[in-house]
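Structure file data.cif (mmCIF, C-alpha atoms) follows.
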data_work
loop_
_atom_site.label_atom_id
_atom_site.label_comp_id
_atom_site.auth_asym_id
_atom_site.auth_seq_id
_atom_site.Cartn_x
_atom_site.Cartn_y
_atom_site.Cartn_z
CA MET A 1 80.17 94.94 106.07
CA SER A 2 81.76 98.25 105.31
CA ALA A 3 81.81 99.83 101.87
CA SER A 4 84.69 99.98 99.41
CA ILE A 5 86.43 103.22 98.53
CA ALA A 6 85.31 102.43 94.97
CA PRO A 7 81.51 101.99 94.74
CA GLU A 8 81.91 99.82 91.62
CA CYS A 9 83.78 97.26 93.78
CA ASN A 10 81.11 97.06 96.52
CA ASP A 11 79.39 93.91 95.24
CA ILE A 12 82.52 91.81 94.85
CA LYS A 13 83.94 93.19 98.12
CA GLU A 14 80.77 92.18 99.99
CA LYS A 15 81.05 88.63 98.59
CA TYR A 16 84.72 88.40 99.50
CA ASP A 17 84.26 89.82 103.02
CA THR A 18 81.43 87.39 103.74
CA CYS A 19 83.54 84.47 102.49
CA PHE A 20 86.54 85.60 104.51
CA LEU A 21 84.63 86.05 107.77
CA LYS A 22 83.11 82.56 107.44
CA TRP A 23 86.54 81.08 106.72
CA TYR A 24 88.09 83.02 109.62
CA SER A 25 85.52 81.93 112.23
CA GLU A 26 84.85 78.41 111.06
CA LYS A 27 88.24 77.29 109.77
CA TYR A 28 91.13 79.57 110.64
CA LEU A 29 90.30 80.00 114.34
CA ARG A 30 89.76 76.26 114.60
CA GLY A 31 93.25 75.46 113.40
CA ASN A 32 92.66 74.94 109.68
CA THR A 33 94.93 77.75 108.47
CA THR A 34 95.81 76.38 105.04
CA SER A 35 92.49 76.34 103.16
CA ASN A 36 91.97 79.21 100.73
CA GLU A 37 88.43 79.00 99.40
CA CYS A 38 88.07 82.81 99.17
CA GLU A 39 91.11 83.32 96.94
CA GLU A 40 89.16 83.53 93.69
CA LEU A 41 86.81 86.21 95.06
CA PHE A 42 89.78 88.11 96.49
CA THR A 43 91.57 88.12 93.12
CA LYS A 44 88.48 89.64 91.46
CA TYR A 45 88.01 92.20 94.25
CA LYS A 46 91.67 93.21 94.13
CA ALA A 47 91.56 93.66 90.35
CA CYS A 48 88.64 96.08 90.78
CA LEU A 49 90.19 97.87 93.76
CA ASN A 50 93.66 98.30 92.28
CA LEU A 51 92.24 100.12 89.26
CA ALA A 52 90.49 102.59 91.57
CA LEU A 53 93.57 103.07 93.77
CA LYS A 54 95.65 103.89 90.72
CA GLU A 55 93.06 106.36 89.42
CA LYS A 56 92.91 108.16 92.77
CA GLY A 57 96.69 108.18 93.16
CA ILE A 58 96.49 106.23 96.40
CA ASP A 59 98.78 103.45 95.16
CA SER A 60 101.86 105.67 95.37
CA MET A 61 100.87 106.89 98.87
CA LEU A 62 100.64 103.24 99.89
CA ASP A 63 104.10 102.47 98.52
CA ASP A 64 105.56 105.26 100.66
CA ALA A 65 103.71 104.07 103.77
CA ARG A 66 104.86 100.48 103.23
CA LYS A 67 108.45 101.69 103.02
CA SER A 68 108.28 103.82 106.16
CA MET A 69 106.43 101.11 108.09
CA LYS A 70 109.21 98.67 107.18
CA ASP A 71 111.84 101.19 108.28
CA SER A 72 110.23 101.65 111.67
CA GLU A 73 109.73 97.90 112.14
CA ALA A 74 113.39 97.39 111.33
CA GLY A 75 114.31 100.19 113.71
CA LYS A 76 112.61 98.42 116.59
CA SER A 77 114.84 95.36 116.50
CA MET B 1 105.47 114.11 119.99
CA ARG B 2 102.43 113.22 122.03
CA VAL B 3 101.26 109.81 123.11
CA PHE B 4 97.66 108.81 123.46
CA SER B 5 96.89 105.50 125.09
CA SER B 6 93.82 103.69 126.31
CA THR B 7 92.90 100.25 127.55
CA CYS B 8 89.64 98.47 128.13
CA THR B 9 88.24 94.98 128.56
CA PHE B 10 85.46 93.50 126.45
CA ASP B 11 83.17 90.86 127.96
CA TYR B 12 83.59 88.59 124.97
CA SER B 13 86.02 85.78 124.16
CA TRP B 14 89.14 86.52 122.13
CA GLU B 15 87.69 84.45 119.27
CA GLU B 16 84.53 86.57 119.19
CA VAL B 17 86.45 89.84 119.43
CA SER B 18 88.99 88.93 116.77
CA ALA B 19 86.24 87.86 114.35
CA ALA B 20 84.01 90.87 115.01
CA ASN B 21 87.04 93.13 114.62
CA TRP B 22 86.93 92.46 110.85
CA ARG B 23 83.58 94.17 110.70
CA LYS B 24 84.15 96.83 113.31
CA TYR B 25 83.09 99.50 110.81
CA CYS B 26 79.92 97.87 109.48
CA PRO B 27 76.47 99.51 109.72
CA TRP B 28 75.97 97.92 113.18
CA ASN B 29 78.53 100.43 114.39
CA ASP B 30 76.58 103.67 114.30
CA LYS B 31 79.21 105.59 116.28
CA SER B 32 82.27 105.49 114.03
CA THR B 33 80.52 107.19 111.13
CA HIS B 34 83.72 108.98 110.15
CA VAL B 35 84.98 105.70 108.66
CA VAL B 36 83.42 105.51 105.21
CA ALA B 37 85.32 102.61 103.61
CA VAL B 38 87.54 99.69 104.59
CA ASP B 39 89.37 97.86 101.82
CA THR B 40 91.59 94.80 102.07
CA LEU B 41 94.80 95.19 100.08
CA SER B 42 96.52 91.89 100.78
CA ARG B 43 96.14 88.89 102.99
CA VAL B 44 98.47 85.96 103.57
CA VAL B 45 98.88 83.14 106.09
CA ASP B 46 102.45 82.29 107.03
CA ALA B 47 102.80 78.57 106.38
CA GLU B 48 105.22 78.03 109.25
CA THR B 49 103.59 80.02 112.07
CA GLY B 50 99.96 80.19 110.90
CA ILE B 51 100.06 83.96 111.45
CA LEU B 52 97.56 85.85 109.29
CA ARG B 53 98.91 89.14 107.92
CA THR B 54 96.44 91.61 106.45
CA GLU B 55 96.95 95.01 104.84
CA ARG B 56 93.97 97.34 104.76
CA LEU B 57 93.16 100.81 103.55
CA ILE B 58 90.77 102.73 105.78
CA THR B 59 89.07 105.81 104.40
CA CYS B 60 87.71 108.47 106.74
CA ASN B 61 85.62 111.50 106.11
CA GLN B 62 85.40 113.93 108.94
CA SER B 63 85.22 117.55 109.64
CA VAL B 64 88.67 118.98 110.10
CA PRO B 65 88.99 122.16 112.16
CA GLN B 66 88.77 125.15 109.84
CA TRP B 67 92.14 126.54 110.97
CA VAL B 68 93.83 123.29 109.97
CA LEU B 69 92.29 123.39 106.52
CA SER B 70 93.25 127.00 106.02
CA LEU B 71 96.82 126.31 107.16
CA PHE B 72 97.45 123.14 105.22
CA GLY B 73 94.65 122.94 102.68
CA GLY B 74 93.42 119.58 101.52
CA SER B 75 90.11 117.77 101.67
CA PRO B 76 88.27 116.24 104.63
CA THR B 77 88.82 112.75 103.18
CA SER B 78 91.80 110.98 104.69
CA HIS B 79 93.35 107.55 104.36
CA VAL B 80 94.96 105.23 106.86
CA TYR B 81 97.18 102.26 106.05
CA GLU B 82 96.93 99.36 108.49
CA VAL B 83 98.91 96.12 108.82
CA SER B 84 97.56 93.52 111.21
CA TYR B 85 98.78 90.19 112.48
CA VAL B 86 96.64 87.45 114.01
CA ASP B 87 98.58 84.80 115.89
CA PRO B 88 96.07 82.00 116.57
CA SER B 89 98.44 79.96 118.74
CA SER B 90 99.23 82.73 121.21
CA LYS B 91 95.78 84.35 120.69
CA LYS B 92 97.02 87.79 119.89
CA VAL B 93 95.84 90.37 117.36
CA THR B 94 98.24 93.25 116.66
CA MET B 95 97.27 96.13 114.38
CA CYS B 96 99.67 98.87 113.32
CA SER B 97 98.45 101.83 111.35
CA THR B 98 99.71 105.09 109.96
CA ASN B 99 98.17 108.05 108.18
CA LEU B 100 98.58 108.38 104.39
CA THR B 101 97.02 111.80 104.15
CA TRP B 102 98.75 114.92 105.49
CA SER B 103 101.83 112.78 106.05
CA ASN B 104 104.05 115.79 105.38
CA VAL B 105 102.39 117.67 108.25
CA LEU B 106 101.53 115.02 110.77
CA ASN B 107 102.67 111.51 111.58
CA VAL B 108 100.26 109.30 113.49
CA ARG B 109 101.30 105.78 114.42
CA GLU B 110 98.83 103.62 116.22
CA THR B 111 99.26 100.14 117.67
CA VAL B 112 96.30 98.14 118.92
CA VAL B 113 96.54 94.75 120.64
CA TYR B 114 93.71 92.36 121.51
CA GLN B 115 94.58 89.52 123.89
CA PRO B 116 92.65 87.26 126.28
CA SER B 117 92.37 89.08 129.56
CA LEU B 118 94.57 87.71 132.34
CA SER B 119 91.77 87.85 134.89
CA ASN B 120 89.32 85.73 132.88
CA PRO B 121 90.96 84.52 129.65
CA PRO B 122 88.17 82.28 128.25
CA SER B 123 85.49 84.94 128.17
CA THR B 124 87.05 88.42 128.31
CA THR B 125 89.47 90.25 126.06
CA ASP B 126 91.82 93.12 126.76
CA PHE B 127 92.19 95.97 124.30
CA ASN B 128 95.33 98.11 124.38
CA GLN B 129 95.76 101.13 122.16
CA GLU B 130 98.69 103.47 121.83
CA ALA B 131 99.12 106.29 119.35
CA LYS B 132 102.18 108.43 118.79
CA ILE B 133 101.34 111.74 117.21
CA THR B 134 104.07 113.98 115.82
CA ALA B 135 103.59 117.27 114.01
CA LEU B 136 106.18 117.69 111.30
CA CYS B 137 105.66 121.19 109.97
CA GLY B 138 109.01 122.93 110.12
CA GLY B 139 109.86 125.75 112.45
CA TRP B 140 107.01 127.05 114.46
CA GLN B 141 106.83 125.13 117.69
CA LYS B 142 103.60 126.89 118.63
CA ILE B 143 101.83 125.59 115.54
CA LYS B 144 103.26 122.13 116.01
CA ASN B 145 101.96 122.05 119.58
CA LYS B 146 98.56 123.19 118.44
CA VAL B 147 98.40 120.60 115.65
CA GLU B 148 99.41 117.84 118.06
CA GLU B 149 96.92 118.96 120.70
CA ALA B 150 94.05 119.06 118.21
CA SER B 151 95.04 115.66 116.84
CA VAL B 152 95.19 114.03 120.27
CA GLU B 153 91.82 115.54 121.10
CA ARG B 154 90.24 114.19 117.91
CA PHE B 155 91.97 110.86 118.37
CA SER B 156 90.57 110.38 121.84
CA GLN B 157 87.04 111.32 120.70
CA ASN B 158 87.25 108.76 117.90
CA ALA B 159 88.69 106.13 120.26
CA LYS B 160 85.72 106.55 122.60
CA LYS B 161 83.25 106.30 119.71
CA GLY B 162 85.16 103.31 118.36
CA ARG B 163 84.82 101.48 121.65
CA GLU B 164 81.10 102.16 121.93
CA GLY B 165 80.50 101.22 118.30
CA PHE B 166 82.50 98.02 118.65
CA GLU B 167 80.42 96.98 121.67
CA ALA B 168 77.34 97.19 119.44
CA VAL B 169 79.06 95.10 116.74
CA LEU B 170 80.06 92.47 119.31
CA GLU B 171 76.53 92.25 120.64
CA MET B 172 75.01 91.91 117.16
CA SER B 173 77.62 89.35 116.12
CA ARG B 174 76.81 87.16 119.10
CA ARG B 175 73.08 87.44 118.44
CA VAL B 176 73.39 86.62 114.74
CA PHE B 177 75.74 83.74 115.48
CA SER B 178 73.35 82.16 117.98
CA GLU B 179 70.39 82.62 115.59
CA GLN B 180 72.41 80.98 112.84
CA ARG B 181 73.22 78.11 115.18
CA ASP B 182 69.49 77.66 115.92
CA ILE B 183 68.65 77.64 112.24
CA ASP B 184 71.40 75.09 111.56
CA SER B 185 70.31 72.78 114.37
CA ASN B 186 66.64 73.04 113.33
CA ARG B 187 67.67 72.10 109.82
CA LEU B 188 69.56 69.09 111.12
CA GLN B 189 66.57 67.97 113.16
CA SER B 190 64.02 68.22 110.36
#
Please express what this file holds, its structure, as structure tokens.
Amino acid sequence: MSASIAPECNDIKEKYDTCFLKWYSEKYLRGNTTSNECEELFTKYKACLNLALKEKGIDSMLDDARKSMKDSEAGKS
Amino acid sequence: MRVFSSTCTFDYSWEEVSAANWRKYCPWNDKSTHVVAVDTLSRVVDAETGILRTERLITCNQSVPQWVLSLFGGSPTSHVYEVSYVDPSSKKVTMCSTNLTWSNVLNVRETVVYQPSLSNPPSTTDFNQEAKITALCGGWQKIKNKVEEASVERFSQNAKKGREGFEAVLEMSRRVFSEQRDIDSNRLQS
């Protein structure tokens, strides 16, 4: 798996990624799209990541990108 | 604006490709070393359609031409925001991404689609990539052209490396999967 932008989140990210990939291959692709056994790990990983994104000022860059992506998606239709 | 596009076919099923795609930038990929981190920001399955939507932040670290740095400043670390959709019923992965860094100078919008190949859908997958690159710096057309040219050049180098690196990831994924299957079936037998 790839690293996190925040080294302190690497351990929890690794656990989440492993869980997700297993869910994706063994459940999601086989039609079981509703199970969410990785949710707890994802919540922990996100809590760690969001702190780092705020510190680095990336959260505001992301807000801008989300807005402009929405605009261009809307523009397509 | 300049458009960069490329297509290729992978000799792996859509299921294998779409799963391996989540770890395209793992250590098995020794080509795309400019990608230093991949973080998942959000992930949700649409209850009605079963479509999986994922937001990711991709962090790159690569040498930027000196003249670009001296013109625009900044650091060699850059970020990309990516939204992807997996539609399991039509077997289609669509990934849209845009640059977060230098967004006042350059706008890069990339769309990648993975779909079962028409010629042999059960075991091969088509990859289609298109990037629209627009330099935004006001005024000087000459500089804009130069920025766009350099960006397209770098983009196509990275695309080539990405393809080669992904081949390695696909091969390793298949090997690990079959080893895991052997271990599981041995366990069942004993």
What are the residues of chain B that have an atom within 10 Å of an atom of chain A, counting all atoms listed in the file, as a count of residues only?
-> 53
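Our summary of the geometry notes that CA of Val108 in chain B is positioned 20.0 Å from CA of Thr33 in chain B.
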Figure out the distance between CA of Asn120 in chain B and CA of Asp182 in chain B, please, to one decimal in Å.
-> 27.3 Å
I need the residue set behind the PyMOL selection byres ((chain B and resi 124) around 10) for this file; please write it as a compact mmCIF listing (two decimals) with C-alpha atoms, in the frame of the given file.
# COMPACT_ATOMS: atom_id res chain seq x y z
CA THR B 9 88.24 94.98 128.56
CA PHE B 10 85.46 93.50 126.45
CA ASP B 11 83.17 90.86 127.96
CA TYR B 12 83.59 88.59 124.97
CA SER B 13 86.02 85.78 124.16
CA TRP B 14 89.14 86.52 122.13
CA GLU B 15 87.69 84.45 119.27
CA GLU B 16 84.53 86.57 119.19
CA VAL B 17 86.45 89.84 119.43
CA GLN B 115 94.58 89.52 123.89
CA PRO B 116 92.65 87.26 126.28
CA SER B 117 92.37 89.08 129.56
CA LEU B 118 94.57 87.71 132.34
CA SER B 119 91.77 87.85 134.89
CA ASN B 120 89.32 85.73 132.88
CA PRO B 121 90.96 84.52 129.65
CA PRO B 122 88.17 82.28 128.25
CA SER B 123 85.49 84.94 128.17
CA THR B 125 89.47 90.25 126.06
CA ASP B 126 91.82 93.12 126.76
CA PHE B 127 92.19 95.97 124.30
Would you mind telling me which residue in B:Ala159, B:Leu106, B:Leu170, B:Val113 lies nearest to Thr94 in chain B when using all atoms listed in the file?
->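 Checking each candidate against Thr94 in chain B, we get B:Val113 as the closest.
For the choices B:Ser173, B:Ser75, B:Asn107, B:Ser178, the atom-to-atom distance to Glu148 in chain B is smallest for B:Asn107 when using only C-alpha atoms.
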Using all atoms listed in the file, the best pick from B:Arg163, B:Lys146, B:His34, B:Arg187 as closest to Ile133 in chain B would be B:Lys146
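CA of Val93 in chain B is found 20.9 Å from CA of Met172 in chain B.
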Which residues fall under the PyMOL selection byres ((chain B and resi 3) around 8) in this file, as a PyMOL selection string?
-> chain B and resi 1-2+4-5+130-133+152
